[in-house]
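Q: Enclosed is the structure file protein-v6.cif (mmCIF, C-alpha atoms).
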data_coords
#
loop_
_atom_site.label_atom_id
_atom_site.label_comp_id
_atom_site.auth_asym_id
_atom_site.auth_seq_id
_atom_site.Cartn_x
_atom_site.Cartn_y
_atom_site.Cartn_z
CA MET A 10 -1.39 -18.44 23.87
CA THR A 11 0.05 -18.42 20.34
CA THR A 12 -1.89 -16.52 17.70
CA ILE A 13 -1.69 -17.58 14.06
CA PHE A 14 -3.05 -15.42 11.28
CA THR A 15 -2.57 -15.01 7.54
CA ARG A 16 -2.66 -11.95 5.34
CA ARG A 17 -3.01 -12.34 1.60
CA SER A 18 -0.98 -10.28 -0.85
CA ALA A 19 -0.09 -10.29 -4.53
CA ALA A 20 3.17 -12.07 -3.71
CA GLY A 21 1.67 -14.76 -1.47
CA LEU A 22 0.55 -15.31 2.08
CA ILE A 23 2.06 -13.70 5.14
CA ALA A 24 1.74 -16.04 8.12
CA GLY A 25 2.11 -14.57 11.59
CA ALA A 26 2.42 -15.94 15.11
CA ALA A 27 2.88 -14.30 18.50
CA LEU A 28 6.24 -14.70 20.24
CA ALA A 29 6.06 -15.72 23.88
CA PRO A 30 7.79 -13.28 26.27
CA LEU A 31 11.42 -14.13 26.99
CA GLY A 32 11.65 -16.06 30.26
CA PHE A 33 7.92 -16.80 29.87
CA SER A 34 6.94 -14.02 32.27
CA PRO A 35 3.56 -12.46 31.48
CA ALA A 36 3.78 -9.05 29.83
CA ARG A 37 1.83 -6.35 31.58
CA ALA A 38 -0.32 -3.90 29.68
CA GLY A 39 1.79 -1.24 27.98
CA ARG A 40 1.45 2.46 28.66
CA VAL A 41 -0.95 4.26 26.36
CA LEU A 42 0.05 7.59 24.83
CA ASP A 43 -2.38 10.47 25.25
CA LEU A 44 -3.08 11.52 21.66
CA ARG A 45 -5.38 14.43 22.44
CA ALA A 46 -4.54 17.93 21.30
CA GLY A 47 -2.62 19.91 23.87
CA GLY A 48 0.56 21.84 24.50
CA GLY A 49 2.16 19.17 26.68
CA PHE A 50 2.39 16.50 23.99
CA GLN A 51 5.69 14.65 23.64
CA PRO A 52 6.19 11.70 21.25
CA ILE A 53 7.34 8.39 22.68
CA ALA A 54 11.07 7.72 22.16
CA VAL A 55 11.68 4.31 20.54
CA ALA A 56 15.07 2.72 19.90
CA VAL A 57 14.87 0.50 16.81
CA THR A 58 17.99 -1.67 16.85
CA HIS A 59 19.33 -3.04 13.57
CA PHE A 60 17.51 -6.27 12.76
CA ALA A 61 19.90 -9.21 12.54
CA GLY A 62 20.07 -11.06 9.23
CA ASP A 63 20.74 -10.40 5.56
CA GLU A 64 19.70 -7.71 3.06
CA ALA A 65 16.02 -8.17 3.95
CA ALA A 66 16.89 -7.23 7.55
CA ARG A 67 18.51 -3.96 6.44
CA THR A 68 15.49 -3.06 4.32
CA LEU A 69 13.10 -3.93 7.13
CA THR A 70 14.98 -1.85 9.71
CA SER A 71 15.09 1.16 7.39
CA VAL A 72 11.36 1.00 6.57
CA VAL A 73 10.36 0.68 10.25
CA VAL A 74 12.52 3.66 11.25
CA ASN A 75 11.17 5.81 8.41
CA ASN A 76 7.60 4.86 9.33
CA PHE A 77 8.17 6.02 12.89
CA LYS A 78 9.73 9.28 11.71
CA ARG A 79 6.47 10.07 9.88
CA SER A 80 4.20 8.74 12.63
CA VAL A 81 4.26 12.00 14.68
CA PHE A 82 3.45 10.07 17.88
CA LEU A 83 6.63 7.94 17.95
CA ARG A 84 10.17 9.33 17.76
CA PRO A 85 12.94 6.94 16.68
CA ILE A 86 16.22 7.56 18.48
CA GLU A 87 19.32 8.00 16.30
CA PRO A 88 21.24 4.70 16.23
CA GLY A 89 24.55 6.48 16.84
CA SER A 90 23.54 7.07 20.46
CA PHE A 91 22.64 3.44 21.19
CA PRO A 92 24.65 1.91 24.07
CA GLU A 93 24.62 -1.41 22.19
CA GLN A 94 23.23 -3.04 19.08
CA ALA A 95 21.08 -5.98 20.14
CA ALA A 96 22.08 -9.23 18.44
CA GLY A 97 18.50 -10.21 17.69
CA PRO A 98 15.27 -11.25 19.38
CA ASP A 99 16.65 -14.24 21.30
CA SER A 100 17.71 -12.29 24.39
CA ALA A 101 16.59 -9.11 26.08
CA PRO A 102 18.66 -5.95 25.51
CA ASN A 103 20.29 -4.07 28.37
CA LEU A 104 17.30 -1.89 29.22
CA ASP A 105 19.17 0.03 31.91
CA ALA A 106 21.64 1.21 29.26
CA PHE A 107 18.81 2.27 26.94
CA ARG A 108 17.14 4.07 29.82
CA ALA A 109 20.26 6.22 30.07
CA ILE A 110 19.60 7.64 26.57
CA ASN A 111 15.94 8.27 27.47
CA ALA A 112 14.54 5.45 25.35
CA GLN A 113 11.06 4.46 26.44
CA TYR A 114 10.78 1.39 24.21
CA VAL A 115 13.32 -0.82 22.44
CA VAL A 116 12.65 -2.89 19.31
CA THR A 117 14.84 -5.90 18.47
CA GLY A 118 14.48 -8.32 15.60
CA ARG A 119 15.82 -10.63 12.94
CA SER A 120 14.91 -11.26 9.30
CA GLN A 121 16.52 -13.95 7.20
CA ARG A 122 15.81 -16.32 4.32
CA GLY A 123 15.23 -19.99 5.16
CA PRO A 124 16.18 -23.12 3.17
CA ASP A 125 12.82 -22.98 1.37
CA GLY A 126 13.52 -19.46 0.11
CA ARG A 127 10.90 -17.87 2.35
CA VAL A 128 11.82 -15.12 4.79
CA LYS A 129 11.13 -15.38 8.52
CA THR A 130 10.97 -12.10 10.43
CA GLU A 131 10.78 -11.86 14.22
CA PHE A 132 10.56 -8.79 16.43
CA ARG A 133 10.19 -8.00 20.11
CA LEU A 134 9.15 -4.72 21.73
CA PHE A 135 10.46 -4.02 25.24
CA ASP A 136 9.03 -1.45 27.64
CA VAL A 137 12.02 0.20 29.31
CA THR A 138 9.94 1.38 32.28
CA THR A 139 8.52 -2.02 33.23
CA GLY A 140 11.50 -4.03 31.98
CA GLU A 141 9.18 -6.47 30.23
CA GLN A 142 8.32 -7.51 26.71
CA ALA A 143 5.33 -5.50 25.52
CA ALA A 144 4.82 -7.26 22.16
CA GLY A 145 6.40 -9.91 19.98
CA GLN A 146 5.52 -11.43 16.63
CA GLN A 147 6.98 -13.49 13.82
CA TYR A 148 6.05 -13.54 10.13
CA VAL A 149 6.90 -16.00 7.36
CA THR A 150 6.41 -14.98 3.74
CA ASP A 151 7.97 -14.59 0.29
CA SER A 152 10.93 -12.22 0.01
CA ALA A 153 8.86 -9.87 -2.18
CA ASN A 154 6.82 -9.00 0.92
CA THR A 155 9.72 -7.59 2.99
CA ARG A 156 8.48 -4.00 2.90
CA ARG A 157 4.97 -5.09 3.79
CA VAL A 158 6.22 -7.09 6.77
CA ALA A 159 8.03 -3.93 7.91
CA HIS A 160 4.69 -2.11 7.80
CA LEU A 161 3.08 -4.90 9.85
CA VAL A 162 5.86 -4.64 12.46
CA SER A 163 5.39 -0.86 12.52
CA ASP A 164 1.64 -1.23 13.01
CA ALA A 165 2.09 -3.72 15.85
CA VAL A 166 4.46 -1.36 17.69
CA PHE A 167 2.34 1.72 17.02
CA THR A 168 -0.80 0.00 18.31
CA ARG A 169 0.90 -1.35 21.44
CA VAL A 170 2.44 2.02 22.37
CA THR A 171 -0.43 4.37 21.49
CA GLY A 172 -3.48 2.16 21.99
CA GLU A 173 -4.67 3.22 18.50
CA LYS A 174 -4.88 1.20 15.28
CA GLY A 175 -1.89 1.40 12.98
CA PHE A 176 -1.95 2.79 9.46
CA PHE A 177 1.34 1.73 7.87
CA ASP A 178 0.02 -1.38 6.08
CA THR A 179 -2.21 0.67 3.81
CA ARG A 180 -2.22 1.89 0.22
CA VAL A 181 -3.26 5.13 -1.44
CA VAL A 182 -4.83 5.55 -4.86
CA PHE A 183 -4.06 8.86 -6.55
CA VAL A 184 -3.96 10.62 -9.91
CA ASP A 185 -0.42 10.62 -11.30
CA GLU A 186 0.22 13.69 -13.45
CA SER A 187 3.11 13.83 -15.92
CA GLY A 188 4.10 15.74 -19.04
CA PRO A 189 3.86 19.43 -19.92
CA LYS A 190 1.25 21.40 -18.03
CA GLU A 191 -0.72 22.17 -21.20
CA ARG A 192 -0.77 18.45 -22.18
CA ARG A 193 -0.86 16.78 -18.79
CA ARG A 194 -1.21 12.99 -18.81
CA LYS A 195 -3.32 11.79 -15.89
CA ARG A 196 -3.19 8.14 -14.86
CA LEU A 197 -4.76 6.36 -11.94
CA ALA A 198 -2.00 4.91 -9.75
CA ILE A 199 -1.61 3.16 -6.42
CA MET A 200 1.23 3.30 -3.88
CA ASP A 201 2.03 2.31 -0.33
CA GLN A 202 1.25 5.05 2.21
CA ASP A 203 4.94 6.01 2.26
CA GLY A 204 5.09 6.50 -1.53
CA ALA A 205 6.78 3.17 -2.36
CA ASN A 206 5.65 0.45 -4.80
CA VAL A 207 3.87 2.73 -7.28
CA ARG A 208 1.77 0.83 -9.81
CA TYR A 209 -0.31 2.34 -12.63
CA LEU A 210 -3.94 1.27 -12.94
CA THR A 211 -4.93 3.14 -16.13
CA ARG A 212 -3.01 3.97 -19.34
CA GLY A 213 -3.69 7.69 -19.43
CA ASP A 214 -5.77 7.71 -22.62
CA GLU A 215 -8.75 9.12 -20.68
CA LEU A 216 -8.96 11.82 -18.02
CA VAL A 217 -9.45 10.27 -14.57
CA VAL A 218 -10.45 12.15 -11.41
CA THR A 219 -11.69 11.64 -7.83
CA PRO A 220 -10.69 8.02 -7.11
CA ARG A 221 -12.22 6.67 -3.90
CA PHE A 222 -11.30 3.48 -2.04
CA SER A 223 -13.93 1.10 -0.74
CA PRO A 224 -13.70 0.88 3.08
CA SER A 225 -14.54 -2.84 2.96
CA SER A 226 -12.60 -4.22 -0.03
CA GLN A 227 -9.78 -3.57 -2.48
CA ASP A 228 -12.13 -1.85 -4.94
CA VAL A 229 -11.87 1.72 -6.20
CA THR A 230 -14.50 3.91 -7.80
CA TYR A 231 -13.53 6.87 -9.97
CA MET A 232 -14.66 9.19 -12.75
CA SER A 233 -13.48 8.79 -16.33
CA PHE A 234 -13.91 11.46 -18.99
CA GLY A 235 -13.40 10.28 -22.56
CA SER A 236 -15.08 11.05 -25.86
CA SER A 237 -18.52 10.09 -24.51
CA ASP A 238 -20.47 11.06 -21.39
CA PRO A 239 -18.54 10.89 -18.09
CA LYS A 240 -18.54 7.40 -16.61
CA VAL A 241 -18.46 6.12 -13.04
CA LEU A 242 -16.22 3.05 -12.96
CA LEU A 243 -15.49 0.35 -10.42
CA LEU A 244 -12.00 -1.19 -10.44
CA ASN A 245 -10.62 -4.10 -8.45
CA ILE A 246 -6.99 -3.18 -7.87
CA GLU A 247 -5.86 -6.80 -7.43
CA SER A 248 -7.53 -8.46 -10.42
CA GLY A 249 -7.66 -5.37 -12.65
CA GLN A 250 -11.31 -6.14 -13.41
CA ARG A 251 -13.13 -2.98 -14.44
CA GLU A 252 -16.84 -2.30 -14.87
CA ILE A 253 -18.98 0.72 -15.63
CA VAL A 254 -21.27 1.50 -12.72
CA GLY A 255 -23.17 4.14 -14.66
CA ASN A 256 -22.95 6.30 -17.75
CA PHE A 257 -24.90 9.40 -16.89
CA PRO A 258 -26.00 12.30 -19.09
CA GLY A 259 -24.61 15.67 -18.08
CA MET A 260 -21.90 15.78 -15.43
CA THR A 261 -21.26 13.40 -12.56
CA PHE A 262 -19.05 14.24 -9.58
CA SER A 263 -17.30 12.67 -6.62
CA PRO A 264 -18.59 9.08 -6.34
CA ARG A 265 -17.87 7.66 -2.89
CA PHE A 266 -18.61 4.33 -1.17
CA SER A 267 -20.92 3.71 1.76
CA PRO A 268 -19.22 2.24 4.87
CA ASP A 269 -20.30 -1.31 3.97
CA GLY A 270 -19.13 -0.90 0.37
CA GLN A 271 -22.56 -1.82 -1.02
CA LYS A 272 -23.55 1.64 -2.27
CA ILE A 273 -21.98 4.68 -3.83
CA ILE A 274 -23.15 8.22 -3.36
CA MET A 275 -22.50 10.95 -5.94
CA SER A 276 -23.78 14.18 -7.42
CA LEU A 277 -25.45 14.47 -10.85
CA SER A 278 -25.78 17.77 -12.71
CA GLN A 279 -28.98 18.52 -14.61
CA GLY A 280 -29.37 22.01 -16.01
CA SER A 281 -28.27 24.63 -13.49
CA SER A 282 -28.72 22.39 -10.43
CA THR A 283 -26.68 19.51 -9.05
CA ASN A 284 -28.24 17.00 -6.65
CA LEU A 285 -27.13 13.97 -4.66
CA TYR A 286 -27.98 10.38 -5.57
CA SER A 287 -27.13 6.99 -4.13
CA MET A 288 -26.78 3.79 -6.11
CA ASP A 289 -27.07 0.23 -4.81
CA LEU A 290 -24.16 -1.61 -6.44
CA ARG A 291 -25.99 -4.93 -6.38
CA SER A 292 -29.27 -3.87 -7.99
CA ARG A 293 -27.97 -0.69 -9.71
CA THR A 294 -31.03 1.08 -8.30
CA THR A 295 -30.53 4.86 -8.08
CA THR A 296 -32.21 6.97 -5.37
CA ARG A 297 -32.37 10.76 -5.42
CA LEU A 298 -31.43 12.25 -2.05
CA THR A 299 -31.68 16.03 -2.59
CA ASP A 300 -34.03 18.08 -4.74
CA THR A 301 -32.97 21.72 -4.88
CA ASN A 302 -32.01 24.33 -7.43
CA ALA A 303 -28.60 24.62 -5.78
CA ILE A 304 -25.32 22.80 -6.34
CA ASP A 305 -25.06 19.91 -3.85
CA THR A 306 -21.86 17.87 -4.23
CA SER A 307 -18.93 16.09 -2.50
CA PRO A 308 -21.06 13.76 -0.34
CA SER A 309 -19.45 11.52 2.30
CA TYR A 310 -21.13 8.98 4.59
CA ALA A 311 -20.74 8.91 8.36
CA PRO A 312 -18.97 5.70 9.45
CA ASN A 313 -22.24 4.31 10.83
CA GLY A 314 -23.92 4.88 7.46
CA GLY A 315 -26.76 6.86 9.01
CA GLU A 316 -25.83 10.38 7.87
CA VAL A 317 -24.23 12.16 4.93
CA VAL A 318 -22.10 15.30 4.94
CA PHE A 319 -21.89 17.36 1.73
CA GLU A 320 -21.18 20.82 0.38
CA SER A 321 -23.88 23.09 -1.04
CA ASP A 322 -24.33 26.69 -2.15
CA ARG A 323 -28.04 26.65 -1.23
CA GLY A 324 -27.38 29.41 1.31
CA GLY A 325 -25.58 31.63 -1.20
CA SER A 326 -22.01 30.32 -0.78
CA GLN A 327 -20.27 26.96 -0.48
CA GLN A 328 -20.91 25.58 3.01
CA ILE A 329 -21.08 22.19 4.71
CA TYR A 330 -24.36 20.45 5.51
CA VAL A 331 -25.37 17.19 7.19
CA MET A 332 -28.52 15.17 6.49
CA GLY A 333 -29.84 11.64 6.93
CA ALA A 334 -28.46 9.00 4.58
CA ASN A 335 -31.88 8.64 2.92
CA GLY A 336 -32.21 12.38 2.27
CA GLY A 337 -34.55 14.86 3.89
CA GLY A 338 -33.82 18.04 5.78
CA ALA A 339 -30.22 19.18 5.89
CA LYS A 340 -28.52 21.17 8.65
CA ARG A 341 -25.72 23.63 7.95
CA ILE A 342 -22.69 23.10 10.22
CA SER A 343 -20.02 25.50 8.84
CA PHE A 344 -20.21 29.15 9.89
CA GLY A 345 -16.67 30.49 9.73
CA ALA A 346 -15.50 33.16 7.32
CA GLY A 347 -14.92 31.89 3.79
CA HIS A 348 -16.12 29.00 1.64
CA TYR A 349 -16.08 25.33 2.68
CA SER A 350 -15.81 22.33 0.35
CA THR A 351 -14.82 18.62 -0.01
CA PRO A 352 -16.06 17.45 3.43
CA VAL A 353 -15.03 13.93 4.44
CA TRP A 354 -16.20 12.10 7.58
CA SER A 355 -13.49 10.53 9.73
CA PRO A 356 -13.55 6.70 10.02
CA LYS A 357 -13.75 7.22 13.80
CA GLY A 358 -16.77 9.49 13.43
CA ASP A 359 -15.29 12.23 15.60
CA TYR A 360 -14.35 14.79 12.93
CA ILE A 361 -15.24 16.02 9.47
CA ALA A 362 -12.28 17.20 7.36
CA PHE A 363 -12.75 19.98 4.83
CA THR A 364 -11.12 22.43 2.45
CA LYS A 365 -11.62 26.10 3.33
CA GLN A 366 -11.02 29.06 1.04
CA SER A 367 -10.61 32.45 2.68
CA ASN A 368 -8.63 35.60 1.83
CA GLY A 369 -6.95 33.93 -1.14
CA SER A 370 -5.66 30.98 0.91
CA PHE A 371 -6.77 27.33 0.87
CA SER A 372 -6.72 25.49 4.20
CA ILE A 373 -7.25 21.90 5.29
CA GLY A 374 -9.11 21.67 8.58
CA VAL A 375 -11.37 19.57 10.77
CA MET A 376 -14.52 20.21 12.78
CA LYS A 377 -16.79 18.08 14.91
CA PRO A 378 -19.92 16.67 13.22
CA ASP A 379 -22.07 19.40 14.81
CA GLY A 380 -19.76 22.11 13.39
CA SER A 381 -18.04 22.96 16.68
CA GLY A 382 -14.32 22.85 17.38
CA GLU A 383 -13.15 23.99 13.94
CA ARG A 384 -9.37 23.72 13.69
CA ILE A 385 -7.11 24.54 10.73
CA LEU A 386 -4.31 22.01 10.27
CA THR A 387 -2.41 23.54 7.35
CA GLU A 388 -2.84 26.30 4.81
CA GLY A 389 -1.20 27.45 1.61
CA PHE A 390 -1.74 28.75 -1.89
CA HIS A 391 -3.95 25.85 -2.99
CA ASN A 392 -4.67 22.88 -0.72
CA GLU A 393 -7.50 20.52 -1.59
CA GLY A 394 -8.99 17.04 -1.35
CA PRO A 395 -8.46 15.67 2.20
CA THR A 396 -8.64 11.90 2.67
CA TRP A 397 -8.48 10.04 6.00
CA ALA A 398 -6.17 7.25 7.14
CA PRO A 399 -8.26 4.29 8.33
CA ASN A 400 -7.36 5.01 11.97
CA GLY A 401 -8.65 8.60 11.76
CA LEU A 402 -5.37 10.12 12.98
CA PHE A 403 -3.92 11.37 9.69
CA LEU A 404 -5.01 13.10 6.51
CA MET A 405 -3.54 13.26 3.03
CA PHE A 406 -4.32 16.07 0.60
CA PHE A 407 -2.75 17.68 -2.45
CA ARG A 408 -1.15 21.10 -2.75
CA ASP A 409 -0.34 23.27 -5.75
CA PRO A 410 2.13 25.84 -4.36
CA GLY A 411 1.66 28.19 -7.31
CA GLY A 412 4.34 29.26 -9.76
CA GLN A 413 5.40 25.65 -10.28
CA SER A 414 4.32 22.96 -12.69
CA GLY A 415 1.91 20.89 -10.63
CA SER A 416 0.60 19.61 -7.31
CA LYS A 417 2.16 17.30 -4.76
CA ILE A 418 0.60 15.02 -2.15
CA HIS A 419 1.10 15.85 1.54
CA MET A 420 0.22 14.23 4.87
CA VAL A 421 -0.66 15.87 8.20
CA ASP A 422 -1.81 14.51 11.55
CA VAL A 423 -5.25 15.37 12.90
CA PHE A 424 -3.78 17.83 15.41
CA GLY A 425 -1.61 19.65 12.87
CA ARG A 426 1.60 18.85 14.73
CA ALA A 427 3.64 17.81 11.69
CA GLU A 428 3.33 17.74 7.92
CA PHE A 429 5.22 15.64 5.35
CA GLN A 430 5.32 15.46 1.57
CA VAL A 431 4.55 11.99 0.21
CA PRO A 432 6.98 11.15 -2.62
CA THR A 433 5.44 10.35 -6.02
CA PRO A 434 7.12 9.75 -9.41
CA SER A 435 5.95 13.08 -10.80
CA TYR A 436 3.09 15.35 -9.77
CA GLY A 437 0.09 13.90 -7.93
CA SER A 438 -3.43 14.84 -6.91
CA ASP A 439 -6.71 13.41 -5.60
CA PRO A 440 -5.28 10.93 -3.04
CA ALA A 441 -7.68 8.36 -1.60
CA TRP A 442 -6.48 6.40 1.45
CA GLY A 443 -7.47 2.73 1.51
CA PRO A 444 -8.25 0.41 4.43
CA LEU A 445 -5.73 -1.82 6.17
CA GLN A 446 -4.87 -4.62 3.78
CA ASP A 447 -6.32 -8.09 4.26
#
Let me see the file written as structure tokens.
A:
Amino acid sequence: MTTIFTRRSAAGLIAGAALAPLGFSPARAGRVLDLRAGGGFQPIAVAVTHFAGDEAARTLTSVVVNNFKRSVFLRPIEPGSFPEQAAGPDSAPNLDAFRAINAQYVVTGRSQRGPDGRVKTEFRLFDVTTGEQAAGQQYVTDSANTRRVAHLVSDAVFTRVTGEKGFFDTRVVFVDESGPKERRRKRLAIMDQDGANVRYLTRGDELVVTPRFSPSSQDVTYMSFGSSDPKVLLLNIESGQREIVGNFPGMTFSPRFSPDGQKIIMSLSQGSSTNLYSMDLRSRTTTRLTDTNAIDTSPSYAPNGGEVVFESDRGGSQQIYVMGANGGGAKRISFGAGHYSTPVWSPKGDYIAFTKQSNGSFSIGVMKPDGSGERILTEGFHNEGPTWAPNGLFLMFFRDPGGQSGSKIHMVDVFGRAEFQVPTPSYGSDPAWGPLQD
């Protein structure tokens, strides 16, 4: 059965359709990679042959290979060892020859411009073990969408091989920092998850911090500090439409969306205490969730919307607590040595990421929602601000290594197997990973 779907983008529609297996033999279910933590893990070896076609094909091949290099769970084989370069998706490659170089999957494809100026991209994924086609898809779109089509191809392969959702067709909002350290210009910016296609969303005439993506739309909430009281703003990254959600006296911190995108939760400072509040974005009704003399901040909803995790010093030091989404009694879940902050619930619901400060070092780690299974993924001079990929398998954060001019954005998988720096035009902080694009 042929599947047709469309994905909207700034450059136009991307239309997709499934490719029937060559020879019309039914493709069996692909093998699923065991992604659990453990010493026996080995990434799946994938041979990505050069896509046939013009310049768009070269770009597409390069982006797919680079995506797999950063995927941790897939390992692209160096093209120099290929027994052959497949001519395109019209015939199956010699899988026996690829088996000899220990390839477990082979990707073939073609991308070329048609008479109407639009680009048609086709790919096929072959399972070397079964000898059958495991996936196949074609996309038709404007040439400006070449990189995005490469991300869609990467997601389709990643999902078929691992059994998990992809994450390549996503964007990240962050704070771009440029200029001398004593006069740092901070602008809200957006980029693809691999650091490409950077676009600035604010001019830099006001200080912007803590951007957060909506999990259900292409909206972003963030804090703006100008000459007046701090403001919570809502920005649609496609239309550029901006509105003030609230202009609160005192200080406001860390606004974040609910899973359905209909509320934001934040902390408001009054006197010496800071408490949590939620706001319904439709009615603008504000509800107080905590009422203590402590500092409660950095709230994050569970993916089912029923609970909230946050940091508080109510016990004498910064620790992580969980309570119902409507407030009430809170339970402490962090008990390791040091201080815990910036908790963020995984989209899968299985982990809570956090920043931990201990013995002069800042670590990024994860724990289960009941506080068990704490695991440090990376540590350094100053790591902060974890944000989850929509598939719950990766985190981005920012790191100031000390002795240099500013922070950089990094990415690590949930098991701490590999870490990568995400390229940005200058320095960057406060990354917020968005959902898969529509």
Q: Rounded to one decimal, what separation in Å do you get between CA of Leu290 in chain A and CA of Thr179 in chain A?
A: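 One can read the CA of Leu290 in chain A to CA of Thr179 in chain A distance as 24.3 Å.
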Q: Going by the chain IDs and residue numbers used in this file, which residues fall under the PyMOL selection byres ((chain A and resi 440) around 6)? Write them as a ChimeraX atom specification.
A: /A:182-183,438-439,441
Q: Any chance you can output those residues with C-alpha atoms as an mmCIF file, in the frame of the given file?
A:
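Result went into part_37.cif, see below:
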data_model
loop_
_atom_site.group_PDB
_atom_site.id
_atom_site.type_symbol
_atom_site.label_atom_id
_atom_site.label_comp_id
_atom_site.auth_asym_id
_atom_site.auth_seq_id
_atom_site.Cartn_x
_atom_site.Cartn_y
_atom_site.Cartn_z
ATOM 1 C CA VAL A 182 -4.830 5.550 -4.860
ATOM 2 C CA PHE A 183 -4.060 8.860 -6.550
ATOM 3 C CA SER A 438 -3.430 14.840 -6.910
ATOM 4 C CA ASP A 439 -6.710 13.410 -5.600
ATOM 5 C CA ALA A 441 -7.680 8.360 -1.600
#
Q: Using 12 Å as the limit and counting all atoms listed in the file, can you tabulate each residue of range 86-177 of chain A that touches range 192-214 of chain A, with its shortest atom-to-atom distance in Å and the two atoms involved, as a Markdown table?
A:
| residue | atom | partner | partner_atom | distance |
| --- | --- | --- | --- | --- |
| A:Ala153 | CA | A:Asn206 | CA | 11.1 |
| A:Asn154 | CA | A:Asn206 | CA | 11.1 |
| A:Thr155 | CA | A:Asn206 | CA | 11.9 |
| A:Arg156 | CA | A:Ala205 | CA | 9.1 |
| A:Arg157 | CA | A:Asp201 | CA | 9.0 |
| A:Ala159 | CA | A:Asp203 | CA | 11.8 |
| A:His160 | CA | A:Asp201 | CA | 9.6 |
| A:Gly175 | CA | A:Gln202 | CA | 11.8 |
| A:Phe176 | CA | A:Gln202 | CA | 8.2 |
| A:Phe177 | CA | A:Gln202 | CA | 6.6 |
Q: Report, in Å to a single decimal, how far apart CA of Lys129 in chain A and CA of Gln147 in chain A are.
A: 7.0 Å
Q: Which one is closest to Gln51 in chain A: A:Leu402, A:Leu69, A:Ile329, A:Val81? Count only C-alpha atoms.
A: A:Val81
Q: Identify the residues within 12 Å of coordinate (-12.7, 0.8, 1.2) (same frame as the file), considering all atoms listed in the file, and give the answer as JSON, numbers by chain.
A: {"A": [179, 180, 181, 182, 220, 221, 222, 223, 224, 225, 226, 227, 228, 229, 230, 243, 244, 245, 246, 265, 266, 267, 268, 269, 270, 271, 272, 273, 312, 356, 396, 397, 398, 399, 441, 442, 443, 444, 445, 446, 447]}
Q: Those residues with C-alpha atoms, as a PDB file, keeping the file's coordinate frame please?
A:
ATOM      1  CA  THR A 179      -2.210   0.670   3.810  1.00  0.00           C
ATOM      2  CA  ARG A 180      -2.220   1.890   0.220  1.00  0.00           C
ATOM      3  CA  VAL A 181      -3.260   5.130  -1.440  1.00  0.00           C
ATOM      4  CA  VAL A 182      -4.830   5.550  -4.860  1.00  0.00           C
ATOM      5  CA  PRO A 220     -10.690   8.020  -7.110  1.00  0.00           C
ATOM      6  CA  ARG A 221     -12.220   6.670  -3.900  1.00  0.00           C
ATOM      7  CA  PHE A 222     -11.300   3.480  -2.040  1.00  0.00           C
ATOM      8  CA  SER A 223     -13.930   1.100  -0.740  1.00  0.00           C
ATOM      9  CA  PRO A 224     -13.700   0.880   3.080  1.00  0.00           C
ATOM     10  CA  SER A 225     -14.540  -2.840   2.960  1.00  0.00           C
ATOM     11  CA  SER A 226     -12.600  -4.220  -0.030  1.00  0.00           C
ATOM     12  CA  GLN A 227      -9.780  -3.570  -2.480  1.00  0.00           C
ATOM     13  CA  ASP A 228     -12.130  -1.850  -4.940  1.00  0.00           C
ATOM     14  CA  VAL A 229     -11.870   1.720  -6.200  1.00  0.00           C
ATOM     15  CA  THR A 230     -14.500   3.910  -7.800  1.00  0.00           C
ATOM     16  CA  LEU A 243     -15.490   0.350 -10.420  1.00  0.00           C
ATOM     17  CA  LEU A 244     -12.000  -1.190 -10.440  1.00  0.00           C
ATOM     18  CA  ASN A 245     -10.620  -4.100  -8.450  1.00  0.00           C
ATOM     19  CA  ILE A 246      -6.990  -3.180  -7.870  1.00  0.00           C
ATOM     20  CA  ARG A 265     -17.870   7.660  -2.890  1.00  0.00           C
ATOM     21  CA  PHE A 266     -18.610   4.330  -1.170  1.00  0.00           C
ATOM     22  CA  SER A 267     -20.920   3.710   1.760  1.00  0.00           C
ATOM     23  CA  PRO A 268     -19.220   2.240   4.870  1.00  0.00           C
ATOM     24  CA  ASP A 269     -20.300  -1.310   3.970  1.00  0.00           C
ATOM     25  CA  GLY A 270     -19.130  -0.900   0.370  1.00  0.00           C
ATOM     26  CA  GLN A 271     -22.560  -1.820  -1.020  1.00  0.00           C
ATOM     27  CA  LYS A 272     -23.550   1.640  -2.270  1.00  0.00           C
ATOM     28  CA  ILE A 273     -21.980   4.680  -3.830  1.00  0.00           C
ATOM     29  CA  PRO A 312     -18.970   5.700   9.450  1.00  0.00           C
ATOM     30  CA  PRO A 356     -13.550   6.700  10.020  1.00  0.00           C
ATOM     31  CA  THR A 396      -8.640  11.900   2.670  1.00  0.00           C
ATOM     32  CA  TRP A 397      -8.480  10.040   6.000  1.00  0.00           C
ATOM     33  CA  ALA A 398      -6.170   7.250   7.140  1.00  0.00           C
ATOM     34  CA  PRO A 399      -8.260   4.290   8.330  1.00  0.00           C
ATOM     35  CA  ALA A 441      -7.680   8.360  -1.600  1.00  0.00           C
ATOM     36  CA  TRP A 442      -6.480   6.400   1.450  1.00  0.00           C
ATOM     37  CA  GLY A 443      -7.470   2.730   1.510  1.00  0.00           C
ATOM     38  CA  PRO A 444      -8.250   0.410   4.430  1.00  0.00           C
ATOM     39  CA  LEU A 445      -5.730  -1.820   6.170  1.00  0.00           C
ATOM     40  CA  GLN A 446      -4.870  -4.620   3.780  1.00  0.00           C
ATOM     41  CA  ASP A 447      -6.320  -8.090   4.260  1.00  0.00           C
TER      42      ASP A 447
END
Q: For this file, the PyMOL selection byres ((chain A and resi 55-66) around 10) selects which residues, as a PyMOL selection string?
A: chain A and resi 52-54+67-74+77+83-88+90-91+93-98+102+107+110-122+128-132+134-137+152-156+159+166+170
